[in-house]
Amino acid sequence: MTVIEVNGLQKRYGEHVAVADVSFEVQEGEIFGVLGPNGAGKTTTVECVEGLRVPDGGTIRVLGLDPQHDVVALRQVLGVQLQDSKLPERMTVAEAVSLYSTFYDDPADGDALVDRLNLARQRDTRFGNLSGGQQQRLAIVLALLGRPRVAVLDELTTGLDPQSRRHTWELVEQIRDDGVTVVLVTHFMEEAERLCDRIALIDAGRVVAIDTPSGLVERTRAPQVIRFRPSEPVDEDMLRALPEVGSVVTHRDGRVEITGTGDVLATVTTALAHERIIAAELRVTQPRLDDAFVALTGEGTR
């Protein structure tokens, strides 16, 4: 089931075109990533989906609702964690949960959500005294209080340390496992690769590609790189003759570097074993989502 439909979305601020032409669909039960560099139009796009900004063109439907005309109904099915989720510095966690619960016809159990997101000890802590990770977890609590069918999480882990970021990723996966469709806006490649079922790659206000993380990587056809120290000198011509191998370089320190595609690792190691050569200190670099990002957006040359 399609829960979000965006067709031909456009948004400009004066002469600046923030979103030129964005179209995508989000399916029920998936974590759908909106990925792109800073200033690409990601946040403007999702703010139009949330009803916080008025588009200049195109159509948007969230569970069949128009964000501009069905505002009250949309608030009951859409949970939002804004890019900059701030509360009054002196407001406590418990006060925030109590206040936000009044916004919904049938709110979730706020205490249970606080417990689940490991904020029980901070119930009486003021917002200004929470750590960055605790503030982000509180933002998730508030976004889930309305029992939403769809949750939009915008730059959820910006500014968090690696441990807090990985814990937050686990929370996002739990939200999806509970049946909530998640739209995740991010510029972190590792985050998108870890969490997202599909990704819309946005650059300069346009959708460059939509695919699974692995599908985006495959589009780039970026080579694998194999590095090792052979136990004996290697016949480079023998390695170059292998169909999966693109290039072979032997460095002055004796290390060999091979680039290739497909099953190049298995092919090379089999050939070395046939020659009774041991590949010590073996390292393999696989193409990743950031390689696809650079290839598809041209970010490396802009």
# chains A, B, ... in the order shown; residues from 1 in each chain; ligands from 1
call {"tool": "residues_around", "arguments": {"residues": "stretch 240-252 of chain A", "least_positions_apart": "5", "cutoff": "7 Å", "atoms": "only C-alpha atoms", "output": "MDAnalysis selection string"}}
result
chainID A and resid 257:264
call {"tool": "select_by_dssp", "arguments": {"residues": "stretch 76-240 of chain A", "states": "helix (DSSP H, G or I)", "output": "PyMOL selection string"}}
result
chain A and resi 93-101+110-116+120-122+127-129+132-144+162-177+189-195+213-220+236-240
call {"tool": "closest_atom_pairs", "arguments": {"of": "stretch 14-112 of chain A", "to": "stretch 121-125 of chain A", "cutoff": "7 Å", "atoms": "only C-alpha atoms", "output": "CSV"}}
result
residue,atom,partner,partner_atom,distance
A:Thr92,CA,A:Thr125,CA,5.1
A:Val93,CA,A:Arg123,CA,4.9
A:Ala94,CA,A:Arg123,CA,5.0
call {"tool": "write_last_selection", "arguments": {"atoms": "C-alpha atoms", "output": "PDB file, in the first residue's frame"}}
result
ATOM      1  CA  THR A  92      10.646  18.833  31.996  1.00  0.00           C
ATOM      2  CA  VAL A  93      10.318  15.588  30.065  1.00  0.00           C
ATOM      3  CA  ALA A  94       7.112  14.716  31.928  1.00  0.00           C
TER       4      ALA A  94
END
call {"tool": "residues_around", "arguments": {"residues": "stretch 145-159 of chain A", "least_positions_apart": "2", "cutoff": "6 Å", "atoms": "only C-alpha atoms", "output": "list in words"}}
result
Val77, Leu78, Gly79, Val80, Gln81, Leu82, Gln83, Tyr104, Pro107, Ala108, Leu142, Ala143, Arg165, Val180, Thr181, Val182, Val183, Leu184, Val185 and Thr186 of chain A
call {"tool": "residues_around", "arguments": {"residues": "A:Pro213", "least_positions_apart": "3", "cutoff": "9 Å", "atoms": "only C-alpha atoms", "output": "PyMOL selection string"}}
result
chain A and resi 192-194+196-199+216-218+288-289+292
call {"tool": "closest_residue", "arguments": {"among": "A:Asn7, A:Gln27, A:Ser214, A:Thr297", "to": "A:Gly57", "atoms": "only C-alpha atoms"}}
result
A:Asn7
call {"tool": "residues_around", "arguments": {"residues": "A:Val234", "least_positions_apart": "6", "cutoff": "9 Å", "atoms": "only C-alpha atoms", "output": "list of chain:residue names"}}
result
A:Thr250, A:Val256, A:Leu272, A:Glu275, A:Ile277
call {"tool": "atom_distance", "arguments": {"atom1": "atom CA of A:Leu296", "atom2": "atom CA of A:Thr220"}}
result
7.5 Å
call {"tool": "atom_distance", "arguments": {"atom1": "atom CA of A:Thr270", "atom2": "atom CA of A:Met238"}}
result
12.2 Å
call {"tool": "residues_around", "arguments": {"residues": "A:Met91", "least_positions_apart": "5", "cutoff": "12 Å", "atoms": "only C-alpha atoms", "output": "list of chain:residue names"}}
result
A:Lys86, A:Ala96, A:Val97, A:Ser98, A:Leu99, A:Gln122, A:Arg123, A:Asp124, A:Thr125, A:Arg126, A:Phe127, A:Gly128, A:Asn129, A:Leu130, A:Gln135, A:Leu138
call {"tool": "atom_distance", "arguments": {"atom1": "atom CA of A:Gly205", "atom2": "atom CA of A:Trp169"}}
result
26.6 Å
call {"tool": "residues_around", "arguments": {"residues": "A:Leu9", "least_positions_apart": "4", "cutoff": "7 Å", "atoms": "only C-alpha atoms", "output": "short mmCIF file (atom, residue, chain, number, x, y, z; two decimals) with N, CA and C atoms, in the first residue's frame"}}
result
data_model
loop_
_atom_site.label_atom_id
_atom_site.label_comp_id
_atom_site.auth_asym_id
_atom_site.auth_seq_id
_atom_site.Cartn_x
_atom_site.Cartn_y
_atom_site.Cartn_z
N VAL A 19 13.20 23.41 -4.28
CA VAL A 19 12.76 22.12 -4.82
C VAL A 19 12.26 22.37 -6.23
N ASP A 21 11.75 19.80 -8.85
CA ASP A 21 10.84 18.79 -9.39
C ASP A 21 11.10 17.47 -8.66
N VAL A 22 10.32 17.20 -7.62
CA VAL A 22 10.54 16.01 -6.81
C VAL A 22 9.28 15.14 -6.84
N SER A 23 9.49 13.86 -7.16
CA SER A 23 8.40 12.89 -7.16
C SER A 23 8.90 11.59 -6.55
N PRO A 55 3.54 24.26 -0.93
CA PRO A 55 4.25 24.07 -2.20
C PRO A 55 3.83 25.11 -3.23
N GLY A 57 4.02 24.15 -6.44
CA GLY A 57 3.54 23.31 -7.53
C GLY A 57 3.60 21.85 -7.14
N GLY A 58 2.82 21.02 -7.87
CA GLY A 58 2.82 19.60 -7.60
C GLY A 58 1.72 19.20 -6.62
N THR A 59 1.63 17.90 -6.37
CA THR A 59 0.61 17.37 -5.47
C THR A 59 1.26 16.45 -4.43
#
call {"tool": "closest_residue", "arguments": {"among": "A:Asp290, A:Asp115, A:Glu281, A:Asp253", "to": "A:Phe188", "atoms": "only C-alpha atoms"}}
result
A:Asp290
call {"tool": "closest_residue", "arguments": {"among": "A:Arg137, A:Asp105, A:Gly254, A:Thr2", "to": "A:Glu170", "atoms": "only C-alpha atoms"}}
result
A:Arg137
call {"tool": "closest_residue", "arguments": {"among": "A:Lys42, A:His167, A:Arg219, A:Arg276", "to": "A:Asp203", "atoms": "only C-alpha atoms"}}
result
A:Lys42
call {"tool": "closest_residue", "arguments": {"among": "A:Thr102, A:Arg255, A:Arg53, A:Ala204", "to": "A:Ala40", "atoms": "only C-alpha atoms"}}
result
A:Ala204
